[in-house]
>>> print(open('run05.cif').read())   # mmCIF, C-alpha atoms and all ligand atoms
data_final
loop_
_atom_site.label_atom_id
_atom_site.label_comp_id
_atom_site.auth_asym_id
_atom_site.auth_seq_id
_atom_site.Cartn_x
_atom_site.Cartn_y
_atom_site.Cartn_z
CA MET F 1 -3.71 -23.74 -3.51
CA ARG F 2 -0.71 -24.05 -5.78
CA ASP F 3 2.51 -23.49 -3.82
CA ALA F 4 4.47 -21.74 -6.55
CA GLY F 5 7.06 -20.71 -4.00
CA LEU F 6 8.02 -24.32 -3.28
CA SER F 7 9.59 -24.73 -6.70
CA LEU F 8 10.69 -21.16 -7.40
CA PRO F 9 12.84 -18.77 -5.36
CA ARG F 10 11.01 -16.37 -3.07
CA ASN F 11 9.51 -13.39 -4.92
CA ASP F 12 10.31 -14.88 -8.33
CA PRO F 13 7.90 -13.10 -10.74
CA ARG F 14 7.21 -16.43 -12.48
CA GLN F 15 5.06 -17.28 -9.47
CA TYR F 16 2.44 -14.92 -10.92
CA ASP F 17 2.29 -17.04 -14.07
CA ASP F 18 1.72 -20.17 -11.98
CA LEU F 19 -1.01 -18.32 -10.05
CA ALA F 20 -2.58 -16.63 -13.09
CA GLY F 21 -5.94 -18.31 -12.53
CA GLU F 22 -6.17 -16.87 -9.01
CA TRP F 23 -6.24 -13.13 -9.76
CA TRP F 24 -9.95 -12.68 -10.30
CA ARG F 25 -11.15 -15.35 -7.84
CA PRO F 26 -12.41 -13.10 -5.02
CA ASP F 27 -11.79 -15.84 -2.42
CA GLY F 28 -8.61 -17.11 -4.09
CA ALA F 29 -4.90 -16.64 -3.41
CA PHE F 30 -5.08 -12.92 -4.13
CA ALA F 31 -8.23 -12.21 -2.10
CA MET F 32 -6.49 -9.65 0.07
CA LEU F 33 -5.32 -7.75 -3.01
CA HIS F 34 -8.99 -7.19 -3.87
CA TRP F 35 -9.64 -5.72 -0.40
CA LEU F 36 -6.52 -3.55 -0.65
CA ALA F 37 -7.43 -2.31 -4.12
CA GLN F 38 -10.72 -1.03 -2.73
CA ALA F 39 -8.91 0.80 0.09
CA ARG F 40 -6.37 2.28 -2.36
CA ALA F 41 -9.04 3.47 -4.78
CA ALA F 42 -10.85 5.20 -1.91
CA LEU F 43 -7.88 7.64 -1.80
CA VAL F 44 -8.29 8.54 -5.47
CA PRO F 45 -10.64 11.49 -6.06
CA PRO F 46 -12.73 11.82 -9.23
CA ALA F 47 -10.61 13.10 -12.13
CA ALA F 48 -10.29 16.89 -12.16
CA ARG F 49 -10.07 17.16 -15.95
CA PRO F 50 -11.15 15.24 -19.05
CA GLY F 51 -8.60 12.65 -20.17
CA ALA F 52 -6.90 12.47 -16.78
CA LEU F 53 -4.37 9.63 -16.60
CA LEU F 54 -3.86 7.15 -13.78
CA VAL F 55 -0.68 5.07 -14.10
CA ASP F 56 -0.88 1.84 -12.11
CA LEU F 57 2.65 0.53 -11.51
CA GLY F 58 2.77 -3.23 -10.95
CA CYS F 59 -0.91 -3.38 -11.89
CA GLY F 60 -1.07 -7.18 -11.95
CA ALA F 61 -4.38 -8.29 -13.43
CA GLY F 62 -5.97 -4.86 -12.96
CA LEU F 63 -7.78 -5.43 -9.66
CA LEU F 64 -7.92 -1.67 -9.15
CA ALA F 65 -10.04 -1.18 -12.28
CA PRO F 66 -13.55 -1.88 -10.90
CA HIS F 67 -12.94 0.48 -7.99
CA LEU F 68 -12.03 3.34 -10.35
CA ALA F 69 -15.17 2.95 -12.43
CA GLY F 70 -16.94 6.27 -12.90
CA LYS F 71 -14.00 8.34 -11.58
CA GLY F 72 -13.05 9.46 -15.08
CA TYR F 73 -9.46 8.23 -15.49
CA ARG F 74 -7.72 6.53 -18.35
CA HIS F 75 -6.16 3.59 -16.52
CA VAL F 76 -2.72 2.58 -17.79
CA GLY F 77 -1.09 -0.41 -16.11
CA VAL F 78 2.59 -1.38 -16.14
CA ASP F 79 3.70 -4.86 -15.11
CA LEU F 80 6.42 -7.43 -15.73
CA THR F 81 3.96 -10.33 -15.96
CA ARG F 82 2.29 -10.80 -19.33
CA SER F 83 -0.24 -13.38 -18.08
CA ALA F 84 -1.51 -10.79 -15.57
CA LEU F 85 -1.61 -7.99 -18.15
CA THR F 86 -3.77 -10.09 -20.49
CA GLN F 87 -6.37 -10.18 -17.72
CA ALA F 88 -5.94 -6.48 -16.87
CA ALA F 89 -6.65 -5.59 -20.50
CA ARG F 90 -9.95 -7.50 -20.29
CA HIS F 91 -10.91 -5.19 -17.42
CA GLY F 92 -10.34 -2.02 -19.43
CA VAL F 93 -6.72 -1.31 -18.49
CA THR F 94 -4.37 -0.09 -21.22
CA VAL F 95 -1.37 -2.29 -20.54
CA LEU F 96 2.38 -1.84 -20.87
CA ASN F 97 4.63 -4.84 -20.35
CA GLY F 98 7.76 -3.63 -18.60
CA ASP F 99 9.63 -2.79 -15.46
CA ALA F 100 8.29 -0.19 -13.05
CA THR F 101 11.84 1.07 -12.65
CA ALA F 102 11.97 2.15 -16.32
CA VAL F 103 8.53 3.18 -17.54
CA PRO F 104 8.29 4.33 -21.17
CA LEU F 105 5.95 7.24 -20.45
CA ALA F 106 6.67 10.99 -20.46
CA ASP F 107 7.64 13.02 -17.40
CA GLY F 108 4.63 14.65 -15.75
CA CYS F 109 2.05 12.70 -17.78
CA ALA F 110 0.08 11.29 -14.84
CA ASP F 111 -2.61 12.84 -12.67
CA VAL F 112 -2.37 9.85 -10.34
CA VAL F 113 0.29 7.17 -9.91
CA ALA F 114 -0.71 4.06 -7.96
CA ALA F 115 1.74 1.44 -6.70
CA GLY F 116 -0.25 -1.16 -4.81
CA GLU F 117 1.66 -4.01 -3.17
CA LEU F 118 4.56 -3.46 -5.56
CA LEU F 119 7.46 -1.89 -3.67
CA GLU F 120 8.00 -4.95 -1.44
CA HIS F 121 8.55 -7.04 -4.59
CA VAL F 122 11.20 -4.88 -6.25
CA PRO F 123 14.92 -5.19 -5.42
CA ASP F 124 15.36 -1.43 -5.98
CA TRP F 125 12.19 0.17 -4.57
CA ARG F 126 13.87 3.59 -4.63
CA ALA F 127 14.02 3.38 -8.42
CA VAL F 128 10.24 2.76 -8.52
CA VAL F 129 9.64 5.79 -6.29
CA ALA F 130 11.82 7.89 -8.61
CA GLN F 131 9.76 6.73 -11.61
CA ALA F 132 6.44 7.29 -9.86
CA CYS F 133 7.39 10.86 -8.95
CA ARG F 134 8.83 11.54 -12.40
CA LEU F 135 5.56 10.44 -14.02
CA LEU F 136 3.42 12.66 -11.78
CA ARG F 137 2.49 16.10 -12.98
CA PRO F 138 2.85 18.89 -10.36
CA GLY F 139 -0.23 18.58 -8.17
CA GLY F 140 -0.60 14.91 -9.11
CA LEU F 141 -1.31 12.28 -6.47
CA LEU F 142 0.80 9.28 -5.46
CA VAL F 143 -1.04 6.41 -3.72
CA LEU F 144 0.63 3.24 -2.58
CA ASP F 145 0.57 0.43 -0.05
CA THR F 146 3.30 -1.95 0.99
CA LEU F 147 4.78 -4.03 3.82
CA ASN F 148 7.05 -2.49 6.42
CA ASP F 149 10.60 -3.65 7.08
CA THR F 150 10.02 -4.79 10.67
CA ALA F 151 10.31 -8.03 12.61
CA LEU F 152 6.53 -7.96 13.18
CA SER F 153 5.87 -7.65 9.46
CA ARG F 154 8.16 -10.58 8.68
CA LEU F 155 6.35 -12.62 11.34
CA VAL F 156 2.81 -11.71 10.24
CA ALA F 157 3.17 -11.43 6.46
CA VAL F 158 5.55 -14.34 5.94
CA ARG F 159 5.72 -16.81 8.81
CA ILE F 160 2.06 -16.66 9.83
CA ALA F 161 0.28 -15.66 6.60
CA GLU F 162 2.07 -18.22 4.47
CA ARG F 163 0.78 -20.99 6.74
CA LEU F 164 -2.81 -20.04 5.88
CA PRO F 165 -4.28 -22.15 3.11
CA THR F 166 -5.20 -19.06 1.08
CA VAL F 167 -1.80 -17.35 0.93
CA PRO F 168 0.80 -18.44 -1.66
CA ARG F 169 4.01 -19.65 -0.04
CA GLY F 170 7.12 -17.83 -1.20
CA ILE F 171 5.30 -14.85 -2.73
CA HIS F 172 7.24 -12.43 -0.49
CA ASP F 173 10.93 -12.04 0.15
CA PRO F 174 11.08 -10.27 3.53
CA ARG F 175 14.49 -8.81 2.66
CA LEU F 176 12.67 -6.49 0.24
CA PHE F 177 10.20 -5.02 2.74
CA VAL F 178 10.16 -1.21 2.84
CA ASP F 179 10.85 0.93 5.90
CA ASP F 180 8.10 3.57 6.13
CA GLN F 181 10.39 6.41 7.22
CA GLN F 182 12.90 5.67 4.45
CA LEU F 183 10.01 5.68 1.99
CA ARG F 184 8.82 9.08 3.25
CA THR F 185 12.36 10.46 2.94
CA GLU F 186 12.73 9.12 -0.58
CA CYS F 187 9.37 10.54 -1.70
CA ALA F 188 10.27 13.92 -0.18
CA ARG F 189 13.53 13.90 -2.16
CA HIS F 190 11.37 13.63 -5.30
CA GLY F 191 8.92 16.35 -4.28
CA VAL F 192 6.12 14.28 -2.74
CA ASP F 193 5.24 14.81 0.91
CA LEU F 194 3.92 11.33 1.74
CA ARG F 195 1.40 10.81 4.52
CA ILE F 196 1.36 7.33 5.97
CA ARG F 197 -1.09 5.25 7.97
CA GLY F 198 -1.24 1.63 9.02
CA LEU F 199 -3.77 -0.76 7.51
CA ARG F 200 -5.25 -4.09 8.57
CA PRO F 201 -8.26 -6.19 7.67
CA GLY F 202 -11.29 -5.53 9.89
CA VAL F 203 -11.29 -8.36 12.43
CA PRO F 204 -14.96 -9.52 12.44
CA GLY F 205 -15.10 -9.64 8.63
CA LEU F 206 -11.75 -11.44 8.47
CA LEU F 207 -12.80 -14.07 11.01
CA ARG F 208 -16.11 -14.72 9.21
CA TRP F 209 -14.20 -14.98 5.92
CA LEU F 210 -11.64 -17.44 7.37
CA VAL F 211 -14.38 -19.64 8.80
CA ARG F 212 -16.18 -19.69 5.46
CA GLN F 213 -12.91 -20.45 3.67
CA ALA F 214 -12.27 -23.37 6.02
CA ARG F 215 -15.76 -24.70 5.24
CA GLY F 216 -15.33 -24.13 1.52
CA VAL F 217 -18.18 -21.61 1.47
CA THR F 218 -18.03 -18.59 -0.86
CA THR F 219 -18.32 -15.23 0.87
CA PRO F 220 -21.00 -12.99 -0.67
CA ALA F 221 -19.56 -9.85 -2.28
CA GLY F 222 -21.03 -7.47 0.30
CA GLU F 223 -19.59 -9.45 3.22
CA ARG F 224 -15.94 -9.66 2.23
CA PRO F 225 -13.42 -8.25 4.72
CA ARG F 226 -12.71 -4.53 4.56
CA ILE F 227 -9.32 -2.96 5.01
CA VAL F 228 -9.39 -0.39 7.81
CA PRO F 229 -6.85 2.17 9.06
CA THR F 230 -4.90 1.27 12.17
CA ARG F 231 -2.49 3.26 14.31
CA SER F 232 0.51 1.01 13.82
CA THR F 233 2.35 1.07 10.51
CA ALA F 234 4.50 -1.87 11.64
CA VAL F 235 3.08 -4.40 9.18
CA LEU F 236 1.00 -3.06 6.31
CA TYR F 237 0.74 0.62 5.49
CA GLN F 238 -0.71 3.00 2.95
CA GLY F 239 0.93 6.21 1.72
CA TRP F 240 -0.43 9.11 -0.25
CA GLY F 241 0.85 12.54 -1.20
CA VAL F 242 0.74 15.26 -3.81
CA ARG F 243 3.74 16.23 -5.92
CA GLY F 244 4.74 19.80 -5.29
CA GLY F 245 5.09 22.25 -8.18
C1 LIG O 301 1.44 -8.41 -5.25
S1 LIG O 301 1.16 -8.10 -6.94
C2 LIG O 301 0.19 -6.61 -6.86
C3 LIG O 301 -0.61 -6.41 -8.12
C4 LIG O 301 -1.58 -5.21 -8.09
N1 LIG O 301 -0.92 -3.95 -7.83
C5 LIG O 301 -2.67 -5.45 -7.09
O1 LIG O 301 -2.61 -4.86 -6.00
O2 LIG O 301 -3.56 -6.25 -7.38
C6 LIG O 301 2.74 -7.51 -7.46
C7 LIG O 301 2.80 -7.25 -8.97
O3 LIG O 301 4.00 -6.53 -9.24
C8 LIG O 301 4.54 -7.03 -10.44
N2 LIG O 301 5.96 -6.67 -10.43
C9 LIG O 301 6.93 -7.13 -9.61
N3 LIG O 301 8.10 -6.52 -9.88
C10 LIG O 301 7.84 -5.61 -10.87
C11 LIG O 301 8.62 -4.66 -11.56
N4 LIG O 301 9.92 -4.49 -11.29
N5 LIG O 301 8.02 -3.92 -12.51
C12 LIG O 301 6.71 -4.08 -12.80
N6 LIG O 301 5.91 -4.97 -12.18
C13 LIG O 301 6.47 -5.72 -11.22
C14 LIG O 301 4.23 -8.50 -10.44
O4 LIG O 301 4.28 -9.03 -11.73
C15 LIG O 301 2.82 -8.49 -9.84
O5 LIG O 301 1.86 -8.39 -10.84
#
>>> encode(input="run05.cif", output="structure tokens")
Amino acid sequence: MRDAGLSLPRNDPRQYDDLAGEWWRPDGAFAMLHWLAQARAALVPPAARPGALLVDLGCGAGLLAPHLAGKGYRHVGVDLTRSALTQAARHGVTVLNGDATAVPLADGCADVVAAGELLEHVPDWRAVVAQACRLLRPGGLLVLDTLNDTALSRLVAVRIAERLPTVPRGIHDPRLFVDDQQLRTECARHGVDLRIRGLRPGVPGLLRWLVRQARGVTTPAGERPRIVPTRSTAVLYQGWGVRGG
């Protein structure tokens, strides 16, 4: 595992260039992003009209793409990191290199806006929420997941997770974590009534995966950990809501 965070400041986007080879390794540094992408896509219904557009803010290398297959969306991804976008394009994503706080797309163009594991990386997450809601057409769906601004989240997602051999050190800056109630309030201000639930990896699958990782054994696709809902939103949570007319 390359420790990009040892030579770069926490949350420096250049870490994603150093880790570019990890995106599509299912057991690599971004393994959990694959599990989360599956859980996020499960909230996205099949497109209700031909040509429906899904805008994926902070799309990275397009890990959401395989989970949207057959749902009927044009998948447009926006990200700061060119090395990730090159890979997203290979997976069928139409890519835009830019900042999720200033997206060069028209108001109301999107049937769905996704923001997976993005808000906790952006100094001004409120500006991303404003963009996401601006892009949504009335009746459009916002789906996101992020890390909560709690002591438990800082302990689990930074102090503990970054000691595991499979998690990049320095990828998160805990000062950017997002309070779930503040996020709900901000979405409501922009016309989206966000529902929220906690998420965690299923424990038996996670333990089996960790043991295999320690032994250097690849986990078969059907046996990778699943992300499941959990009552507490204190660490990782998912939000979804429809933009009012
Ligand atoms: C943790 S990754 C998540 C990637 C993807 N959503 C996924 O779940 O696989 C965070 C991504 O956000 C991107 N990013 C960070 N700040 C951004 C910003 N202000 N605008 C656009 N992308 C940003 C990074 O380049 C990186 O690809």
>>> closest_residue(input="run05.cif", among="F:Arg134, F:Ser83, F:Arg25, F:Pro225", to="Arg212 (chain F)", atoms="all atoms listed in the file")
F:Pro225
>>> closest_residue(input="run05.cif", among="F:Trp24, F:Trp35, F:Phe30, F:Tyr16", to="Pro201 (chain F)", atoms="all atoms listed in the file")
F:Trp35
>>> closest_residue(input="run05.cif", among="F:Gly28, F:Pro9, F:Gly198, F:Pro123", to="ligand LIG 301 (chain O)", atoms="all atoms listed in the file")
F:Pro123
>>> closest_residue(input="run05.cif", among="F:Asp145, F:Glu223, F:Glu22, F:Asp193", to="Gly241 (chain F)", atoms="all atoms listed in the file")
F:Asp193
>>> residues_near_ligand(input="run05.cif", ligand="ligand LIG 301 (chain O)", cutoff="7 Å", atoms="all atoms listed in the file", output="CSV table (one decimal) with C-alpha atoms, in the frame of the given file")
chain,number,residue,atom,x,y,z
F,13,PRO,CA,7.9,-13.1,-10.7
F,16,TYR,CA,2.4,-14.9,-10.9
F,33,LEU,CA,-5.3,-7.8,-3.0
F,34,HIS,CA,-9.0,-7.2,-3.9
F,36,LEU,CA,-6.5,-3.6,-0.6
F,37,ALA,CA,-7.4,-2.3,-4.1
F,57,LEU,CA,2.6,0.5,-11.5
F,58,GLY,CA,2.8,-3.2,-11.0
F,59,CYS,CA,-0.9,-3.4,-11.9
F,60,GLY,CA,-1.1,-7.2,-12.0
F,61,ALA,CA,-4.4,-8.3,-13.4
F,62,GLY,CA,-6.0,-4.9,-13.0
F,63,LEU,CA,-7.8,-5.4,-9.7
F,64,LEU,CA,-7.9,-1.7,-9.2
F,78,VAL,CA,2.6,-1.4,-16.1
F,79,ASP,CA,3.7,-4.9,-15.1
F,80,LEU,CA,6.4,-7.4,-15.7
F,81,THR,CA,4.0,-10.3,-16.0
F,84,ALA,CA,-1.5,-10.8,-15.6
F,98,GLY,CA,7.8,-3.6,-18.6
F,99,ASP,CA,9.6,-2.8,-15.5
F,100,ALA,CA,8.3,-0.2,-13.0
F,101,THR,CA,11.8,1.1,-12.6
F,115,ALA,CA,1.7,1.4,-6.7
F,116,GLY,CA,-0.2,-1.2,-4.8
F,117,GLU,CA,1.7,-4.0,-3.2
F,118,LEU,CA,4.6,-3.5,-5.6
F,121,HIS,CA,8.6,-7.0,-4.6
F,122,VAL,CA,11.2,-4.9,-6.2
>>> atom_distance(input="run05.cif", atom1="CA of Arg184 (chain F)", atom2="CA of Ala41 (chain F)")
20.4 Å
>>> atom_distance(input="run05.cif", atom1="CA of Pro174 (chain F)", atom2="CA of Arg159 (chain F)")
10.0 Å
>>> residues_around(input="run05.cif", residues="Arg231 (chain F)", least_positions_apart="6", cutoff="12 Å", atoms="only C-alpha atoms", output="PyMOL selection string")
chain F and resi 196-200+237-238
>>> write_last_selection(input="run05.cif", atoms="C-alpha atoms", output="PDB file, keeping the file's coordinate frame")
ATOM      1  CA  ILE F 196       1.360   7.330   5.970  1.00  0.00           C
ATOM      2  CA  ARG F 197      -1.090   5.250   7.970  1.00  0.00           C
ATOM      3  CA  GLY F 198      -1.240   1.630   9.020  1.00  0.00           C
ATOM      4  CA  LEU F 199      -3.770  -0.760   7.510  1.00  0.00           C
ATOM      5  CA  ARG F 200      -5.250  -4.090   8.570  1.00  0.00           C
ATOM      6  CA  TYR F 237       0.740   0.620   5.490  1.00  0.00           C
ATOM      7  CA  GLN F 238      -0.710   3.000   2.950  1.00  0.00           C
TER       8      GLN F 238
END
>>> residues_near_point(input="run05.cif", point="(-4.5, -5.1, 13.1)", cutoff="12 Å", atoms="all atoms listed in the file", output="ChimeraX atom specification")
/F:152-153,156-157,198-204,206,226-237
>>> atom_distance(input="run05.cif", atom1="CA of Glu162 (chain F)", atom2="CA of Gly77 (chain F)")
27.4 Å
>>> residues_around(input="run05.cif", residues="Pro138 (chain F)", least_positions_apart="3", cutoff="6 Å", atoms="all atoms listed in the file", output="JSON, numbers by chain")
{"F": [243, 244, 245]}
>>> write_last_selection(input="run05.cif", atoms="C-alpha atoms", output="CSV table (one decimal), keeping the file's coordinate frame")
chain,number,residue,atom,x,y,z
F,243,ARG,CA,3.7,16.2,-5.9
F,244,GLY,CA,4.7,19.8,-5.3
F,245,GLY,CA,5.1,22.2,-8.2
>>> closest_residue(input="run05.cif", among="F:Gly239, F:Pro45, F:Gly191, F:Gly21", to="Val143 (chain F)", atoms="only C-alpha atoms")
F:Gly239
>>> closest_residue(input="run05.cif", among="F:Ile171, F:Val55, F:Leu135, F:Leu119", to="Thr94 (chain F)", atoms="only C-alpha atoms")
F:Val55
>>> residues_around(input="run05.cif", residues="Leu68 (chain F)", least_positions_apart="5", cutoff="9 Å", atoms="only C-alpha atoms", output="PyMOL selection string")
chain F and resi 38+41-42+44+46+73+75
>>> residues_around(input="run05.cif", residues="Thr219 (chain F)", least_positions_apart="4", cutoff="9 Å", atoms="only C-alpha atoms", output="PyMOL selection string")
chain F and resi 26-27+208-209+212-213+223-224
